$ cat entry_10.txt   # compact mmCIF, N, CA, C and O atoms
# COMPACT_ATOMS: atom_id res chain seq x y z
N MET A 246 -8.19 -4.69 -22.60
CA MET A 246 -7.70 -5.94 -22.05
C MET A 246 -7.65 -5.78 -20.52
O MET A 246 -7.13 -4.79 -20.01
N SER A 247 -8.19 -6.75 -19.83
CA SER A 247 -8.20 -6.67 -18.37
C SER A 247 -6.84 -7.10 -17.80
O SER A 247 -5.98 -7.63 -18.51
N ILE A 248 -6.67 -6.90 -16.53
CA ILE A 248 -5.43 -7.27 -15.86
C ILE A 248 -5.21 -8.78 -15.93
O ILE A 248 -4.09 -9.24 -16.18
N THR A 249 -6.27 -9.54 -15.74
CA THR A 249 -6.16 -10.99 -15.78
C THR A 249 -5.77 -11.48 -17.17
O THR A 249 -4.91 -12.36 -17.31
N GLN A 250 -6.38 -10.90 -18.19
CA GLN A 250 -6.04 -11.29 -19.56
C GLN A 250 -4.58 -10.95 -19.87
O GLN A 250 -3.87 -11.74 -20.49
N GLN A 251 -4.14 -9.78 -19.43
CA GLN A 251 -2.75 -9.39 -19.67
C GLN A 251 -1.79 -10.34 -18.95
O GLN A 251 -0.76 -10.73 -19.50
N TYR A 252 -2.14 -10.72 -17.71
CA TYR A 252 -1.30 -11.64 -16.96
C TYR A 252 -1.22 -13.00 -17.67
O TYR A 252 -0.12 -13.56 -17.81
N LEU A 253 -2.35 -13.51 -18.14
CA LEU A 253 -2.35 -14.80 -18.84
C LEU A 253 -1.53 -14.72 -20.13
O LEU A 253 -0.80 -15.65 -20.48
N PHE A 254 -1.65 -13.62 -20.84
CA PHE A 254 -0.87 -13.43 -22.06
C PHE A 254 0.63 -13.39 -21.75
O PHE A 254 1.43 -14.04 -22.43
N ASP A 255 1.02 -12.65 -20.71
CA ASP A 255 2.42 -12.55 -20.33
C ASP A 255 2.97 -13.90 -19.85
O ASP A 255 4.11 -14.26 -20.13
N ALA A 256 2.14 -14.66 -19.10
CA ALA A 256 2.57 -15.98 -18.62
C ALA A 256 2.77 -16.93 -19.80
O ALA A 256 3.75 -17.69 -19.84
N TYR A 257 1.86 -16.88 -20.76
CA TYR A 257 1.99 -17.73 -21.96
C TYR A 257 3.26 -17.38 -22.73
O TYR A 257 4.03 -18.25 -23.13
N ARG A 258 3.49 -16.09 -22.93
CA ARG A 258 4.67 -15.65 -23.66
C ARG A 258 5.96 -16.03 -22.92
O ARG A 258 6.94 -16.44 -23.53
N ALA A 259 5.94 -15.94 -21.58
CA ALA A 259 7.11 -16.32 -20.79
C ALA A 259 7.40 -17.81 -20.93
O ALA A 259 8.56 -18.23 -21.03
N ARG A 260 6.35 -18.63 -20.93
CA ARG A 260 6.54 -20.08 -21.11
C ARG A 260 7.14 -20.39 -22.48
O ARG A 260 7.98 -21.28 -22.61
N LEU A 261 6.69 -19.69 -23.52
CA LEU A 261 7.22 -19.93 -24.86
C LEU A 261 8.72 -19.62 -24.94
O LEU A 261 9.46 -20.30 -25.64
N HIS A 262 9.14 -18.59 -24.22
CA HIS A 262 10.53 -18.17 -24.27
C HIS A 262 11.38 -18.80 -23.17
O HIS A 262 12.57 -18.48 -23.06
N GLY A 263 10.79 -19.64 -22.33
CA GLY A 263 11.53 -20.29 -21.26
C GLY A 263 11.93 -19.35 -20.14
O GLY A 263 12.92 -19.58 -19.45
N GLU A 264 11.18 -18.30 -19.93
CA GLU A 264 11.46 -17.31 -18.88
C GLU A 264 10.54 -17.58 -17.69
O GLU A 264 9.50 -18.24 -17.83
N PRO A 265 10.89 -17.06 -16.50
CA PRO A 265 9.99 -17.24 -15.36
C PRO A 265 8.70 -16.44 -15.54
O PRO A 265 8.70 -15.38 -16.17
N GLU A 266 7.63 -16.97 -14.99
CA GLU A 266 6.34 -16.28 -15.11
C GLU A 266 6.32 -15.02 -14.26
O GLU A 266 6.95 -14.97 -13.21
N PRO A 267 5.57 -14.01 -14.68
CA PRO A 267 5.44 -12.80 -13.86
C PRO A 267 4.57 -13.09 -12.64
O PRO A 267 3.80 -14.05 -12.62
N PRO A 268 4.70 -12.29 -11.58
CA PRO A 268 3.85 -12.51 -10.41
C PRO A 268 2.38 -12.25 -10.75
O PRO A 268 2.06 -11.42 -11.60
N ALA A 269 1.51 -12.97 -10.08
CA ALA A 269 0.07 -12.80 -10.31
C ALA A 269 -0.37 -11.41 -9.86
O ALA A 269 0.21 -10.83 -8.94
N PRO A 270 -1.40 -10.85 -10.51
CA PRO A 270 -1.88 -9.53 -10.13
C PRO A 270 -2.40 -9.54 -8.69
O PRO A 270 -3.08 -10.45 -8.27
N GLY A 271 -2.02 -8.52 -7.95
CA GLY A 271 -2.46 -8.40 -6.57
C GLY A 271 -1.63 -9.17 -5.57
O GLY A 271 -1.89 -9.11 -4.38
N ARG A 272 -0.64 -9.87 -6.04
CA ARG A 272 0.15 -10.71 -5.14
C ARG A 272 0.97 -9.89 -4.15
O ARG A 272 1.18 -10.29 -3.02
N HIS A 273 1.44 -8.72 -4.55
CA HIS A 273 2.30 -7.91 -3.70
C HIS A 273 1.59 -6.68 -3.14
O HIS A 273 2.24 -5.76 -2.65
N ASP A 274 0.27 -6.68 -3.17
CA ASP A 274 -0.46 -5.51 -2.69
C ASP A 274 -0.25 -5.27 -1.21
O ASP A 274 -0.08 -4.13 -0.77
N LEU A 275 -0.26 -6.33 -0.41
CA LEU A 275 -0.07 -6.17 1.03
C LEU A 275 1.32 -5.64 1.34
O LEU A 275 1.47 -4.76 2.20
N ASP A 276 2.32 -6.13 0.64
CA ASP A 276 3.67 -5.62 0.84
C ASP A 276 3.76 -4.14 0.49
O ASP A 276 4.43 -3.36 1.18
N LEU A 277 3.09 -3.74 -0.56
CA LEU A 277 3.08 -2.35 -0.97
C LEU A 277 2.44 -1.47 0.09
O LEU A 277 2.96 -0.39 0.41
N MET A 278 1.35 -1.93 0.68
CA MET A 278 0.67 -1.15 1.72
C MET A 278 1.57 -1.02 2.96
O MET A 278 1.62 0.04 3.58
N ARG A 279 2.29 -2.08 3.30
CA ARG A 279 3.22 -2.00 4.44
C ARG A 279 4.34 -1.01 4.16
O ARG A 279 4.73 -0.23 5.04
N GLU A 280 4.89 -1.04 2.95
CA GLU A 280 5.95 -0.11 2.61
C GLU A 280 5.45 1.33 2.63
O GLU A 280 6.17 2.23 3.09
N LEU A 281 4.24 1.55 2.17
CA LEU A 281 3.66 2.89 2.20
C LEU A 281 3.49 3.37 3.63
O LEU A 281 3.82 4.52 3.96
N ARG A 282 3.01 2.49 4.52
CA ARG A 282 2.86 2.85 5.93
C ARG A 282 4.20 3.20 6.55
O ARG A 282 4.33 4.21 7.24
N ASP A 283 5.21 2.38 6.28
CA ASP A 283 6.54 2.64 6.83
C ASP A 283 7.12 3.94 6.29
O ASP A 283 7.75 4.70 7.04
N TYR A 284 6.89 4.21 5.01
CA TYR A 284 7.38 5.45 4.42
C TYR A 284 6.71 6.65 5.07
O TYR A 284 7.38 7.64 5.38
N ARG A 285 5.41 6.58 5.29
CA ARG A 285 4.70 7.71 5.93
C ARG A 285 5.18 7.92 7.35
O ARG A 285 5.33 9.05 7.81
N ARG A 286 5.44 6.83 8.07
CA ARG A 286 5.98 6.97 9.44
C ARG A 286 7.37 7.60 9.41
O ARG A 286 7.70 8.44 10.24
N PHE A 287 8.18 7.18 8.46
CA PHE A 287 9.52 7.73 8.33
C PHE A 287 9.46 9.23 8.04
O PHE A 287 10.20 10.02 8.64
N ARG A 288 8.59 9.63 7.11
CA ARG A 288 8.44 11.05 6.79
C ARG A 288 7.93 11.84 7.99
O ARG A 288 8.33 12.99 8.19
N ALA A 289 7.07 11.24 8.80
CA ALA A 289 6.57 11.93 10.00
C ALA A 289 7.71 12.16 10.98
O ALA A 289 7.81 13.23 11.59
N VAL A 290 8.59 11.18 11.14
CA VAL A 290 9.72 11.34 12.06
C VAL A 290 10.65 12.44 11.56
O VAL A 290 11.13 13.27 12.34
N LEU A 291 10.90 12.47 10.25
CA LEU A 291 11.76 13.52 9.71
C LEU A 291 11.15 14.91 9.91
O LEU A 291 11.87 15.88 10.09
N ALA A 292 9.84 14.99 9.87
CA ALA A 292 9.16 16.27 10.06
C ALA A 292 8.91 16.57 11.53
O ALA A 292 8.24 17.54 11.86
N GLU A 293 9.44 15.72 12.41
CA GLU A 293 9.32 15.87 13.87
C GLU A 293 7.87 15.85 14.33
O GLU A 293 7.47 16.62 15.19
N ARG A 294 7.10 14.96 13.73
CA ARG A 294 5.73 14.72 14.16
C ARG A 294 5.67 13.33 14.76
O ARG A 294 6.53 12.49 14.48
N PRO A 295 4.66 13.04 15.57
CA PRO A 295 4.54 11.67 16.09
C PRO A 295 4.33 10.68 14.94
O PRO A 295 3.54 10.93 14.03
N ALA A 296 5.04 9.57 14.98
CA ALA A 296 4.97 8.61 13.89
C ALA A 296 3.82 7.64 14.04
O ALA A 296 3.40 7.04 13.06
N ARG A 297 3.31 7.46 15.22
CA ARG A 297 2.23 6.49 15.43
C ARG A 297 1.07 7.15 16.15
O ARG A 297 1.25 8.07 16.93
N GLY A 298 -0.12 6.64 15.91
CA GLY A 298 -1.30 7.11 16.63
C GLY A 298 -1.88 8.41 16.11
O GLY A 298 -2.73 8.99 16.76
N ARG A 299 -1.42 8.88 14.97
CA ARG A 299 -1.93 10.16 14.47
C ARG A 299 -3.38 10.05 14.08
O ARG A 299 -4.18 10.95 14.37
N LEU A 300 -3.77 8.96 13.43
CA LEU A 300 -5.15 8.79 13.01
C LEU A 300 -6.07 8.69 14.22
O LEU A 300 -7.13 9.32 14.26
N ARG A 301 -5.66 7.94 15.21
CA ARG A 301 -6.47 7.80 16.41
C ARG A 301 -6.64 9.15 17.10
O ARG A 301 -7.73 9.50 17.55
N HIS A 302 -5.59 9.95 17.15
CA HIS A 302 -5.66 11.26 17.78
C HIS A 302 -6.65 12.16 17.03
O HIS A 302 -7.46 12.86 17.66
N VAL A 303 -6.60 12.16 15.72
CA VAL A 303 -7.51 12.99 14.92
C VAL A 303 -8.96 12.53 15.12
O VAL A 303 -9.85 13.36 15.30
N LEU A 304 -9.18 11.22 15.10
CA LEU A 304 -10.55 10.72 15.29
C LEU A 304 -11.08 11.06 16.67
O LEU A 304 -12.25 11.44 16.82
N GLU A 305 -10.24 10.94 17.69
CA GLU A 305 -10.68 11.31 19.04
C GLU A 305 -11.03 12.79 19.12
O GLU A 305 -12.00 13.17 19.76
N ARG A 306 -10.23 13.61 18.46
CA ARG A 306 -10.50 15.04 18.48
C ARG A 306 -11.81 15.36 17.78
O ARG A 306 -12.60 16.18 18.23
N TRP A 307 -12.08 14.70 16.66
CA TRP A 307 -13.33 14.95 15.93
C TRP A 307 -14.55 14.41 16.65
O TRP A 307 -15.62 14.99 16.60
N LEU A 308 -14.40 13.26 17.30
CA LEU A 308 -15.55 12.61 17.93
C LEU A 308 -15.78 13.05 19.37
O LEU A 308 -16.78 12.67 19.97
N ARG A 309 -14.86 13.81 19.93
CA ARG A 309 -14.99 14.28 21.32
C ARG A 309 -16.17 15.25 21.41
O ARG A 309 -16.33 16.14 20.57
N PRO A 310 -17.00 15.08 22.44
CA PRO A 310 -18.11 16.04 22.59
C PRO A 310 -17.57 17.45 22.85
O PRO A 310 -16.62 17.63 23.61
N ARG A 311 -18.15 18.39 22.17
CA ARG A 311 -17.67 19.78 22.31
C ARG A 311 -18.36 20.46 23.48
O ARG A 311 -19.54 20.24 23.75
N ALA A 312 -17.60 21.32 24.15
CA ALA A 312 -18.16 22.09 25.26
C ALA A 312 -19.01 23.22 24.70
O ALA A 312 -18.67 23.85 23.70
N LEU A 313 -20.12 23.47 25.36
CA LEU A 313 -21.01 24.54 24.89
C LEU A 313 -20.66 25.84 25.45
O LEU A 313 -20.15 26.35 26.17
$ encode --input "entry_10.txt" --output "structure tokens"
Amino acid sequence: MSITQQYLFDAYRARLHGEPEPPAPGRHDLDLMRELRDYRRFRAVLAERPARGRLRHVLERWLRPRAL
């Protein structure tokens, strides 16, 4: 059963029982990604690492021309 089929089944069952419908699949994905980003920044601060710009710093280090 796919996610969409499960959602439609749950929505139908909720209507039969007079309950609120469940959220649509993928509706909270952006919120989840924001929370994950904030959690990673928080963990970086606790570990005394820079909380922002870490990816940019790594990419600059990898893409910087190396001295011969």
$ axis_aligned_box --input "entry_10.txt" --around "segment 297-308 of chain A" --padding-each-side "8 Å" --output "AutoDock Vina command-line options"
--center_x -6.7 --center_y 11.3 --center_z 16.5 --size_x 36.1 --size_y 25.7 --size_z 23.0
$ atom_distance --input "entry_10.txt" --atom1 "atom C of Gln251 of chain A" --atom2 "atom C of Gly271 of chain A"
13.4 Å
$ atom_distance --input "entry_10.txt" --atom1 "atom CA of Asp255 of chain A" --atom2 "atom O of Ala269 of chain A"
11.7 Å
$ atom_distance --input "entry_10.txt" --atom1 "atom C of Glu264 of chain A" --atom2 "atom CA of Leu277 of chain A"
23.8 Å
$ residues_around --input "entry_10.txt" --residues "segment 294-311 of chain A" --least-positions-apart "6" --cutoff "8 Å" --atoms "only N, CA, C and O atoms" --output "ChimeraX atom specification"
/A:282-283,285-288
$ select_by_dssp --input "entry_10.txt" --residues "chain A" --states "alpha helix (DSSP H)" --output "JSON, numbers by chain"
{"A": [248, 249, 250, 251, 252, 253, 254, 255, 256, 257, 258, 259, 260, 261, 262, 274, 275, 276, 277, 278, 279, 280, 281, 282, 283, 284, 285, 286, 287, 288, 289, 290, 291, 299, 300, 301, 302, 303, 304, 305, 306, 307, 308]}
